[in-house]
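Q: Contents of start.cif (mmCIF, C-alpha atoms) are given next:
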data_upload
loop_
_atom_site.label_atom_id
_atom_site.label_comp_id
_atom_site.auth_asym_id
_atom_site.auth_seq_id
_atom_site.Cartn_x
_atom_site.Cartn_y
_atom_site.Cartn_z
CA MET A 1 37.84 8.24 52.53
CA LYS A 2 35.64 11.35 52.57
CA SER A 3 34.90 12.90 49.19
CA ILE A 4 32.72 15.53 47.52
CA ALA A 5 30.34 12.75 46.46
CA ASP A 6 29.26 12.40 50.11
CA ILE A 7 28.36 16.09 50.42
CA LYS A 8 24.84 15.43 49.13
CA ALA A 9 24.20 13.12 52.09
CA ILE A 10 25.09 15.97 54.47
CA ARG A 11 22.78 18.28 52.55
CA ASP A 12 19.88 15.86 52.82
CA LYS A 13 20.51 15.39 56.54
CA MET A 14 20.73 19.11 57.26
CA GLN A 15 18.07 20.52 54.98
CA SER A 16 15.17 20.26 57.43
CA GLN A 17 16.96 21.96 60.30
CA ILE A 18 18.14 24.76 57.99
CA ILE A 19 14.56 25.50 56.97
CA MET A 20 13.52 25.56 60.65
CA ARG A 21 16.34 27.96 61.50
CA ASP A 22 15.67 30.27 58.54
CA ASN A 23 12.19 30.75 59.93
CA ASN A 24 13.65 31.76 63.28
CA THR A 25 16.71 33.95 62.61
CA SER A 26 16.07 36.42 65.44
CA ASP A 27 17.66 34.15 68.08
CA GLU A 28 20.95 33.59 66.25
CA ILE A 29 23.98 33.73 68.53
CA ARG A 30 27.18 35.00 66.91
CA VAL A 31 30.61 33.94 68.11
CA VAL A 32 33.36 36.03 66.52
CA VAL A 33 37.11 35.29 66.68
CA GLY A 34 39.76 37.97 66.06
CA MET A 35 42.00 36.54 63.34
CA ALA A 36 44.40 39.21 62.13
CA THR A 37 48.17 38.51 62.26
CA CYS A 38 48.17 39.18 66.02
CA GLY A 39 45.32 36.77 66.73
CA ILE A 40 46.68 34.09 64.40
CA SER A 41 50.16 34.22 65.96
CA ALA A 42 48.62 34.02 69.46
CA GLY A 43 46.65 30.86 68.59
CA ALA A 44 43.31 31.98 67.17
CA ARG A 45 43.10 29.22 64.55
CA PRO A 46 42.82 26.30 67.02
CA VAL A 47 40.29 28.39 68.97
CA PHE A 48 38.22 28.97 65.83
CA ASN A 49 38.40 25.30 64.87
CA THR A 50 37.46 24.16 68.38
CA LEU A 51 34.42 26.45 68.34
CA ILE A 52 33.37 25.03 64.95
CA ASP A 53 33.90 21.45 66.21
CA GLU A 54 31.89 22.05 69.39
CA VAL A 55 29.01 23.76 67.60
CA ALA A 56 28.85 20.90 65.09
CA LYS A 57 29.15 18.21 67.78
CA ARG A 58 26.38 19.73 69.88
CA ASN A 59 24.25 20.46 66.80
CA LEU A 60 23.77 24.09 67.85
CA SER A 61 21.87 25.23 64.78
CA ASN A 62 21.31 28.80 66.07
CA VAL A 63 25.04 29.54 66.54
CA LYS A 64 27.18 31.16 63.86
CA VAL A 65 30.96 31.15 64.27
CA SER A 66 32.85 33.70 62.20
CA ARG A 67 36.15 35.55 62.13
CA THR A 68 37.08 39.19 62.08
CA GLY A 69 40.26 41.26 61.86
CA CYS A 70 42.28 42.97 64.57
CA LEU A 71 40.13 43.97 67.54
CA GLY A 72 42.72 46.49 68.70
CA MET A 73 43.95 44.69 71.84
CA CYS A 74 46.68 42.51 70.35
CA LYS A 75 48.28 41.54 73.66
CA LEU A 76 44.99 39.99 74.81
CA GLU A 77 44.58 37.77 71.73
CA PRO A 78 43.10 35.31 70.98
CA ILE A 79 39.92 37.29 71.59
CA VAL A 80 36.44 35.84 71.22
CA GLU A 81 33.29 37.98 71.20
CA VAL A 82 29.87 36.50 71.90
CA PHE A 83 26.73 38.25 70.69
CA VAL A 84 23.52 36.88 72.19
CA PRO A 85 20.33 38.65 71.02
CA ASN A 86 19.01 41.22 73.54
CA GLN A 87 22.12 40.89 75.71
CA GLU A 88 25.31 42.89 75.98
CA LYS A 89 28.31 41.72 73.96
CA VAL A 90 30.72 39.55 75.97
CA THR A 91 34.45 39.71 75.18
CA TYR A 92 36.74 36.86 76.20
CA CYS A 93 40.51 37.25 76.07
CA LYS A 94 43.53 34.95 75.90
CA VAL A 95 41.27 32.13 74.81
CA ASP A 96 42.67 28.67 74.04
CA ALA A 97 40.99 25.47 72.85
CA GLU A 98 39.95 24.40 76.35
CA LYS A 99 38.50 27.82 77.16
CA ALA A 100 36.68 27.75 73.81
CA ARG A 101 35.03 24.44 74.76
CA ASN A 102 34.01 25.92 78.12
CA ILE A 103 32.59 29.05 76.46
CA ILE A 104 30.36 26.87 74.28
CA ALA A 105 29.28 24.62 77.17
CA ASN A 106 28.78 27.28 79.86
CA HIS A 107 27.88 30.46 78.00
CA ILE A 108 26.26 29.35 74.74
CA VAL A 109 24.50 26.21 75.96
CA ASN A 110 23.78 27.05 79.61
CA GLY A 111 23.69 30.84 79.49
CA ASN A 112 26.39 31.39 82.14
CA VAL A 113 29.09 33.87 81.17
CA CYS A 114 32.60 32.50 81.88
CA THR A 115 33.61 35.45 84.06
CA GLU A 116 37.13 34.12 84.65
CA TYR A 117 37.99 34.64 80.94
CA LEU A 118 36.76 38.22 80.72
CA ILE A 119 39.13 41.16 80.37
CA SER A 120 40.06 42.33 83.83
CA GLY A 121 41.36 45.77 84.76
CA LYS A 122 44.87 44.55 85.48
CA GLU A 123 45.25 43.21 81.95
CA LEU A 124 44.47 46.54 80.29
CA MET B 1 57.77 34.50 62.54
CA LEU B 2 54.58 32.43 62.56
CA ARG B 3 54.89 28.84 63.73
CA GLU B 4 53.45 27.29 60.56
CA LEU B 5 53.36 28.30 56.90
CA SER B 6 49.65 27.46 56.91
CA LEU B 7 49.22 30.30 59.43
CA ASN B 8 50.92 32.67 56.97
CA ILE B 9 48.45 31.50 54.31
CA LEU B 10 45.53 32.14 56.66
CA ASP B 11 46.85 35.62 57.40
CA ILE B 12 47.56 36.62 53.79
CA VAL B 13 44.34 35.30 52.26
CA GLU B 14 42.44 37.60 54.60
CA ASN B 15 43.85 40.45 52.43
CA SER B 16 42.26 38.83 49.37
CA VAL B 17 38.92 38.51 51.17
CA LYS B 18 39.06 42.19 52.14
CA ALA B 19 40.18 43.18 48.64
CA GLY B 20 36.77 42.03 47.40
CA ALA B 21 38.16 39.17 45.35
CA LYS B 22 35.56 36.94 43.72
CA ASN B 23 38.03 34.13 43.15
CA ILE B 24 40.86 33.16 45.47
CA ARG B 25 43.32 30.42 44.60
CA ILE B 26 45.72 28.73 47.01
CA GLU B 27 48.26 26.32 45.61
CA VAL B 28 50.68 24.31 47.72
CA SER B 29 53.08 22.08 45.83
CA ALA B 30 56.27 20.22 46.61
CA LYS B 31 58.71 19.11 43.94
CA GLY B 32 62.17 17.84 44.78
CA ASN B 33 63.49 20.07 47.53
CA ASP B 34 61.16 22.99 46.77
CA LEU B 35 57.93 23.80 48.55
CA LYS B 36 55.94 26.38 46.64
CA ILE B 37 52.99 28.38 47.92
CA VAL B 38 50.93 30.54 45.57
CA ILE B 39 48.08 32.77 46.67
CA ALA B 40 46.24 34.53 43.86
CA ASP B 41 43.11 36.65 43.77
CA ASP B 42 41.15 38.84 41.38
CA GLY B 43 40.52 41.55 43.96
CA CYS B 44 41.11 45.30 43.79
CA GLY B 45 44.89 44.92 43.41
CA MET B 46 47.52 47.55 44.20
CA ASP B 47 49.14 50.35 42.26
CA GLU B 48 52.87 50.33 41.57
CA GLU B 49 53.70 52.76 44.33
CA PHE B 50 51.91 50.78 47.07
CA LEU B 51 53.24 47.48 45.69
CA SER B 52 56.83 48.75 45.98
CA ARG B 53 56.46 49.19 49.74
CA VAL B 54 54.03 46.36 50.53
CA THR B 55 56.69 44.17 52.15
CA ASP B 56 57.63 46.98 54.51
CA PRO B 57 56.09 46.14 57.92
CA PHE B 58 55.10 49.78 58.33
CA THR B 59 52.86 49.67 55.27
CA THR B 60 49.24 48.69 55.68
CA THR B 61 45.75 49.46 54.49
CA ARG B 62 44.49 49.22 58.05
CA THR B 63 43.33 52.28 59.85
CA THR B 64 43.56 50.89 63.41
CA ARG B 65 47.37 51.04 63.42
CA LYS B 66 50.27 51.56 61.06
CA VAL B 67 51.81 48.10 60.86
CA GLY B 68 51.07 45.24 58.49
CA MET B 69 53.05 42.09 59.21
CA GLY B 70 51.52 39.44 56.92
CA LEU B 71 53.57 39.83 53.73
CA PRO B 72 56.83 40.94 55.41
CA LEU B 73 56.76 37.82 57.60
CA LEU B 74 56.19 35.49 54.64
CA LYS B 75 58.97 37.18 52.65
CA MET B 76 61.38 36.87 55.58
CA GLU B 77 60.53 33.21 56.15
CA ALA B 78 60.98 32.36 52.44
CA GLU B 79 64.31 34.15 52.18
CA MET B 80 65.58 32.78 55.50
CA SER B 81 64.96 29.24 54.32
CA GLY B 82 66.79 29.60 51.01
CA GLY B 83 63.68 30.32 48.98
CA MET B 84 62.20 33.27 47.14
CA PHE B 85 59.30 35.66 47.43
CA ASP B 86 57.52 37.46 44.62
CA ILE B 87 54.40 39.57 44.45
CA THR B 88 52.67 40.95 41.38
CA SER B 89 49.59 43.12 41.35
CA ALA B 90 47.61 45.46 39.15
CA PRO B 91 44.74 47.75 40.14
CA GLY B 92 41.41 46.14 39.28
CA LYS B 93 43.03 42.88 38.21
CA GLY B 94 44.21 41.27 41.42
CA THR B 95 47.29 40.12 43.24
CA THR B 96 49.49 37.03 43.12
CA VAL B 97 51.90 36.14 45.92
CA LYS B 98 54.43 33.40 45.22
CA SER B 99 56.85 32.05 47.76
CA THR B 100 59.22 29.09 47.66
CA PHE B 101 61.03 27.33 50.48
CA LYS B 102 63.82 24.78 50.57
CA ILE B 103 62.24 21.75 52.23
CA ASP B 104 65.43 20.59 53.93
CA ASN B 105 66.33 24.04 55.29
CA ILE B 106 66.39 24.03 59.07
CA ASP B 107 64.92 27.55 59.21
CA ARG B 108 61.83 26.62 57.20
CA PRO B 109 58.67 26.60 59.32
CA PRO B 110 56.56 23.46 58.80
CA LEU B 111 53.49 23.67 56.57
CA GLY B 112 51.40 22.71 59.59
CA ASP B 113 47.67 22.20 59.76
CA ILE B 114 46.61 23.32 56.28
CA SER B 115 43.15 21.71 56.58
CA SER B 116 42.29 23.93 59.56
CA THR B 117 43.51 26.96 57.62
CA ILE B 118 41.36 26.15 54.59
CA ILE B 119 38.18 25.67 56.59
CA SER B 120 38.86 28.86 58.60
CA LEU B 121 39.04 30.65 55.25
CA ILE B 122 35.93 28.99 53.84
CA ALA B 123 34.00 30.04 56.96
CA ASP B 124 34.93 33.64 56.25
CA LEU B 125 34.09 33.87 52.55
CA ASN B 126 31.63 36.59 51.64
CA GLU B 127 28.63 36.04 49.40
CA GLY B 128 29.86 35.39 45.85
CA GLN B 129 33.45 34.70 46.87
CA GLU B 130 34.96 31.37 45.85
CA LEU B 131 38.11 29.62 46.94
CA VAL B 132 40.08 26.97 45.12
CA PHE B 133 42.69 24.97 47.02
CA LYS B 134 45.16 22.82 45.12
CA PHE B 135 47.68 20.56 46.75
CA GLU B 136 50.38 18.52 45.07
CA ALA B 137 53.14 16.60 46.82
CA PHE B 138 54.74 13.15 46.84
CA GLY B 139 52.77 12.14 43.73
CA ASN B 140 49.48 13.00 45.41
CA GLU B 141 47.11 15.61 44.01
CA PHE B 142 44.04 17.08 45.62
CA SER B 143 41.85 20.04 44.80
CA LEU B 144 38.84 21.61 46.42
CA ASP B 145 36.60 24.19 44.79
CA THR B 146 34.01 25.93 46.96
CA SER B 147 31.77 26.72 43.96
CA GLN B 148 31.41 22.99 43.26
CA ILE B 149 30.72 22.20 46.93
CA LYS B 150 28.15 25.01 47.16
CA ARG B 151 26.32 23.57 44.15
CA GLU B 152 26.19 20.14 45.76
CA LEU B 153 25.08 21.58 49.11
CA ASP B 154 22.42 24.03 47.97
CA PRO B 155 20.36 25.22 49.92
CA VAL B 156 22.61 24.28 52.88
CA ARG B 157 25.35 26.85 53.40
CA ILE B 158 29.02 25.91 53.12
CA ASP B 159 29.84 27.74 56.36
CA GLU B 160 27.61 25.47 58.46
CA PRO B 161 29.82 24.01 61.22
CA THR B 162 28.86 20.42 60.32
CA VAL B 163 29.93 21.03 56.71
CA LEU B 164 33.18 22.71 57.77
CA VAL B 165 34.12 19.81 60.06
CA TYR B 166 33.42 17.38 57.20
CA LEU B 167 35.54 19.40 54.78
CA LYS B 168 38.40 19.60 57.27
CA ASP B 169 38.43 15.82 57.64
CA MET B 170 38.16 15.40 53.87
CA ILE B 171 41.20 17.61 53.23
CA LYS B 172 43.17 15.86 55.98
CA GLU B 173 42.40 12.44 54.54
CA ASN B 174 43.17 13.39 50.95
CA ILE B 175 46.54 15.10 51.20
CA ILE B 176 49.94 13.62 51.96
CA THR B 177 52.30 15.92 53.85
CA GLU B 178 54.84 13.36 54.93
CA ASN B 179 56.65 10.71 52.91
CA GLY B 180 59.84 8.72 53.36
CA GLY B 181 61.00 10.76 56.34
CA VAL B 182 60.41 14.06 54.52
CA SER B 183 57.80 16.23 56.17
CA LEU B 184 56.28 19.38 54.71
#
Take the structure in this file and express it as structure tokens.
A:
Amino acid sequence: MKSIADIKAIRDKMQSQIIMRDNNTSDEIRVVVGMATCGISAGARPVFNTLIDEVAKRNLSNVKVSRTGCLGMCKLEPIVEVFVPNQEKVTYCKVDAEKARNIIANHIVNGNVCTEYLISGKEL
Amino acid sequence: MLRELSLNILDIVENSVKAGAKNIRIEVSAKGNDLKIVIADDGCGMDEEFLSRVTDPFTTTRTTRKVGMGLPLLKMEAEMSGGMFDITSAPGKGTTVKSTFKIDNIDRPPLGDISSTIISLIADLNEGQELVFKFEAFGNEFSLDTSQIKRELDPVRIDEPTVLVYLKDMIKENIITENGGVSL
């Protein structure tokens, strides 16, 4: 059974990569999930958790997943915003766990925006 | 109505984070037929006038729109399932939200995935904010204190995805939400 006593082992394992990343913060990619009441009721929590799982599984040390409040387009929730340095912000809408996995694989890892999940004119 | 009570917790604790609370406490306990959820913080709190209308869905501190559904939804869910809702607050001292639910009431939403809620909250804590999660049900007790975990982890951050995934599994493994046909 996992316990706090094992946390030190994680620290020891991760310490070196943290130091490497701290020296190179300019290429940090931010993935932000809208998690106000609207986002939560639309399914933002499994999206957030899938993003965390994928980033951990792939050991993407330059990716930070965080949450924010209402992004103002409640009917398009869950909304995920991706901020890649020196690129325009990309906003994905109606994201679910499967789409979240694809966003990590295609956009974050391979650099290809998942155009099929972007907000289209007919949805606005 | 939200599908799980753990989603209500996720929604309401966001208020504590925004209220600048340094310490946030979430307690989930089940005794007999009562499920109790307490969310307490030492944030900016509310004055009496705002507190009196805080469970009105058309009251909010948001500026993007004029509705705030978090507390009204929790109050409705508690009262619909034979339980109670209570909120106390004082400016500069913080806010405590208590809600109880009758476990066997058919209108009670399930507790749901509380481990995912807790790690979503931990990922969102600001610098200097701490969260304590206490769980007690079916003779099982578990507590998690982010200040203790941060001390153990230093200099690794608690919001690192690898750490969050570990903490989620740890919570899942250490709490009992189902026993003898009774499910929270």
Q: If you count only C-alpha atoms, which residues fall within 8 Å of B:Ile176, apart from same-chain ones fewer than 3 positions away, as a VMD selection string?
A: chain B and resid 137 to 138 140 179
Q: As a check of understanding, name the residues that the PyMOL selection byres ((chain A) within 6 of (chain B)) selects in the supplied structure, as JSON, numbers by chain.
A: {"A": [2, 8, 11, 37, 41, 52, 56]}
Q: My list of candidates is A:Ala36, A:Phe83, A:Ser16, A:Val113. Which is closest to A:Cys70 when distances are computed with all atoms listed in the file?
A: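 Of A:Ala36, A:Phe83, A:Ser16, A:Val113, the one nearest A:Cys70, counting all atoms listed in the file, is A:Ala36.
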Q: For atom CA of B:Gly20 and atom CA of B:Leu111, determine how far apart the two atoms are, in Å to one decimal place.
A: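 Interatomic distance, atom CA of B:Gly20 to atom CA of B:Leu111: 26.5 Å.
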Q: Atom CA of B:Gly112 and atom CA of A:Arg101, how far apart in Å?
A: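 Computed distance, atom CA of A:Arg101 to atom CA of B:Gly112, equals 22.4 Å.
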Q: Could you tell me how far atom CA of B:Lys98 sits from atom CA of B:Met80, in Å to one decimal place?
A: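 Rounded to one decimal, the two atoms are 15.2 Å apart.
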Q: Could you pull out every residue with an atom within 10 Å of (39.3, 37.2, 63.7), file coordinates, counting only C-alpha atoms, and send them as an MDAnalysis selection string?
A: (chainID A and resid 32:40 44:45 48 66:71 77:81) or (chainID B and resid 11 14 120 124)
Q: To test your reading of the syntax: which residues would the PyMOL selection byres ((chain A and resi 115) around 12) return for the file shown? Reply as a PDB file with C-alpha atoms, in the coordinates of the input.
A:
ATOM      1  CA  VAL A  90      30.720  39.550  75.970  1.00  0.00           C
ATOM      2  CA  THR A  91      34.450  39.710  75.180  1.00  0.00           C
ATOM      3  CA  TYR A  92      36.740  36.860  76.200  1.00  0.00           C
ATOM      4  CA  CYS A  93      40.510  37.250  76.070  1.00  0.00           C
ATOM      5  CA  LYS A  99      38.500  27.820  77.160  1.00  0.00           C
ATOM      6  CA  ASN A 102      34.010  25.920  78.120  1.00  0.00           C
ATOM      7  CA  ILE A 103      32.590  29.050  76.460  1.00  0.00           C
ATOM      8  CA  ASN A 106      28.780  27.280  79.860  1.00  0.00           C
ATOM      9  CA  HIS A 107      27.880  30.460  78.000  1.00  0.00           C
ATOM     10  CA  GLY A 111      23.690  30.840  79.490  1.00  0.00           C
ATOM     11  CA  ASN A 112      26.390  31.390  82.140  1.00  0.00           C
ATOM     12  CA  VAL A 113      29.090  33.870  81.170  1.00  0.00           C
ATOM     13  CA  CYS A 114      32.600  32.500  81.880  1.00  0.00           C
ATOM     14  CA  GLU A 116      37.130  34.120  84.650  1.00  0.00           C
ATOM     15  CA  TYR A 117      37.990  34.640  80.940  1.00  0.00           C
ATOM     16  CA  LEU A 118      36.760  38.220  80.720  1.00  0.00           C
ATOM     17  CA  ILE A 119      39.130  41.160  80.370  1.00  0.00           C
ATOM     18  CA  SER A 120      40.060  42.330  83.830  1.00  0.00           C
TER      19      SER A 120
END
Q: Could you check which residues have any atom within 8 Å of (61.8, 21.1, 50.4), counting only C-alpha atoms with coordinates taken straight from the file, and then list them as a CSV table (one decimal) with C-alpha atoms, keeping the file's coordinate frame?
A:
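The file below, result.csv, is the result:
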chain,number,residue,atom,x,y,z
B,30,ALA,CA,56.3,20.2,46.6
B,31,LYS,CA,58.7,19.1,43.9
B,32,GLY,CA,62.2,17.8,44.8
B,33,ASN,CA,63.5,20.1,47.5
B,34,ASP,CA,61.2,23.0,46.8
B,35,LEU,CA,57.9,23.8,48.6
B,101,PHE,CA,61.0,27.3,50.5
B,102,LYS,CA,63.8,24.8,50.6
B,103,ILE,CA,62.2,21.8,52.2
B,104,ASP,CA,65.4,20.6,53.9
B,105,ASN,CA,66.3,24.0,55.3
B,184,LEU,CA,56.3,19.4,54.7
Q: With 4 Å added on each side, what axis-aligned box encloses every listed atom of stretch 174-181 of chain B? Give the centre and edge lengths in Å to one decimal, as AutoDock Vina command-line options.
A:
--center_x 52.1 --center_y 12.3 --center_z 53.6 --size_x 25.8 --size_y 15.2 --size_z 13.4
Q: Please evaluate the PyMOL selection byres ((chain B and resi 54) around 12) against the displayed coordinates and give the resulting residues as JSON, numbers by chain.
A: {"B": [15, 45, 46, 47, 48, 49, 50, 51, 52, 53, 55, 56, 57, 58, 59, 60, 61, 67, 68, 69, 70, 71, 72, 73, 74, 75, 86, 87, 88, 89, 95, 97]}
Q: Name all residues at most 7 Å from B:Ser143 (count all atoms listed in the file; drop same-chain ones fewer than 4 positions away) and give them as a list in words.
A: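 Skipping anything fewer than 4 positions along the chain leaves Phe133, Lys134 and Phe135 of chain B.
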Q: Emit the selected residues as a PDB file, in the coordinates of the input, including C-alpha atoms.
A:
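Generated output (result-v4.pdb):
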ATOM      1  CA  PHE B 133      42.690  24.970  47.020  1.00  0.00           C
ATOM      2  CA  LYS B 134      45.160  22.820  45.120  1.00  0.00           C
ATOM      3  CA  PHE B 135      47.680  20.560  46.750  1.00  0.00           C
TER       4      PHE B 135
END
Q: For A:Arg58, please output as a count of residues only all residues within 10 Å (counting only C-alpha atoms; exclusion window: fewer than 4 positions along the same chain).
A: 6
Q: List as number ranges by chain the protein and nucleic acid residues near B:Ile24, meaning an atom at most 8 Å away when only C-alpha atoms are counted, but skip any in the same chain fewer than 2 places from it.
A: B: 13, 16, 21-22, 26, 39-42, 129-132
Q: Rebuild N, CA, C and O atoms on stretch 99-115 of chain A, as a JSON list (two decimals), in the coordinates of the input?
A:
[["chain", "number", "residue", "atom", "x", "y", "z"],
["A", 99, "LYS", "N", 39.42, 26.73, 76.81],
["A", 99, "LYS", "CA", 38.50, 27.82, 77.16],
["A", 99, "LYS", "C", 37.37, 27.91, 76.14],
["A", 99, "LYS", "O", 36.22, 28.19, 76.49],
["A", 100, "ALA", "N", 37.70, 27.69, 74.87],
["A", 100, "ALA", "CA", 36.68, 27.75, 73.81],
["A", 100, "ALA", "C", 35.59, 26.71, 74.06],
["A", 100, "ALA", "O", 34.41, 26.99, 73.91],
["A", 101, "ARG", "N", 36.01, 25.51, 74.46],
["A", 101, "ARG", "CA", 35.03, 24.44, 74.76],
["A", 101, "ARG", "C", 34.15, 24.87, 75.94],
["A", 101, "ARG", "O", 32.93, 24.66, 75.93],
["A", 102, "ASN", "N", 34.77, 25.48, 76.95],
["A", 102, "ASN", "CA", 34.01, 25.92, 78.12],
["A", 102, "ASN", "C", 33.04, 27.06, 77.78],
["A", 102, "ASN", "O", 31.94, 27.13, 78.33],
["A", 103, "ILE", "N", 33.47, 27.94, 76.88],
["A", 103, "ILE", "CA", 32.59, 29.05, 76.46],
["A", 103, "ILE", "C", 31.33, 28.49, 75.80],
["A", 103, "ILE", "O", 30.21, 28.93, 76.07],
["A", 104, "ILE", "N", 31.52, 27.48, 74.94],
["A", 104, "ILE", "CA", 30.36, 26.87, 74.28],
["A", 104, "ILE", "C", 29.47, 26.19, 75.33],
["A", 104, "ILE", "O", 28.25, 26.40, 75.37],
["A", 105, "ALA", "N", 30.08, 25.40, 76.20],
["A", 105, "ALA", "CA", 29.28, 24.62, 77.17],
["A", 105, "ALA", "C", 28.58, 25.53, 78.18],
["A", 105, "ALA", "O", 27.38, 25.40, 78.44],
["A", 106, "ASN", "N", 29.33, 26.47, 78.77],
["A", 106, "ASN", "CA", 28.78, 27.28, 79.86],
["A", 106, "ASN", "C", 27.97, 28.48, 79.37],
["A", 106, "ASN", "O", 26.87, 28.73, 79.85],
["A", 107, "HIS", "N", 28.54, 29.22, 78.44],
["A", 107, "HIS", "CA", 27.88, 30.46, 78.00],
["A", 107, "HIS", "C", 26.80, 30.19, 76.94],
["A", 107, "HIS", "O", 25.64, 30.56, 77.13],
["A", 108, "ILE", "N", 27.20, 29.53, 75.86],
["A", 108, "ILE", "CA", 26.26, 29.35, 74.74],
["A", 108, "ILE", "C", 25.15, 28.36, 75.09],
["A", 108, "ILE", "O", 23.98, 28.62, 74.84],
["A", 109, "VAL", "N", 25.52, 27.24, 75.68],
["A", 109, "VAL", "CA", 24.50, 26.21, 75.96],
["A", 109, "VAL", "C", 23.72, 26.52, 77.24],
["A", 109, "VAL", "O", 22.49, 26.48, 77.25],
["A", 110, "ASN", "N", 24.45, 26.88, 78.31],
["A", 110, "ASN", "CA", 23.78, 27.05, 79.61],
["A", 110, "ASN", "C", 23.50, 28.50, 80.00],
["A", 110, "ASN", "O", 22.89, 28.75, 81.04],
["A", 111, "GLY", "N", 24.00, 29.43, 79.22],
["A", 111, "GLY", "CA", 23.69, 30.84, 79.49],
["A", 111, "GLY", "C", 24.48, 31.48, 80.62],
["A", 111, "GLY", "O", 24.14, 32.58, 81.07],
["A", 112, "ASN", "N", 25.56, 30.81, 81.07],
["A", 112, "ASN", "CA", 26.39, 31.39, 82.14],
["A", 112, "ASN", "C", 27.69, 31.94, 81.57],
["A", 112, "ASN", "O", 28.51, 31.17, 81.05],
["A", 113, "VAL", "N", 27.87, 33.25, 81.70],
["A", 113, "VAL", "CA", 29.09, 33.87, 81.17],
["A", 113, "VAL", "C", 30.29, 33.33, 81.95],
["A", 113, "VAL", "O", 30.25, 33.18, 83.18],
["A", 114, "CYS", "N", 31.37, 33.00, 81.23],
["A", 114, "CYS", "CA", 32.60, 32.50, 81.88],
["A", 114, "CYS", "C", 33.38, 33.72, 82.38],
["A", 114, "CYS", "O", 34.26, 34.23, 81.67],
["A", 115, "THR", "N", 33.05, 34.18, 83.56],
["A", 115, "THR", "CA", 33.61, 35.45, 84.06],
["A", 115, "THR", "C", 35.13, 35.41, 84.22],
["A", 115, "THR", "O", 35.80, 36.43, 84.11]]
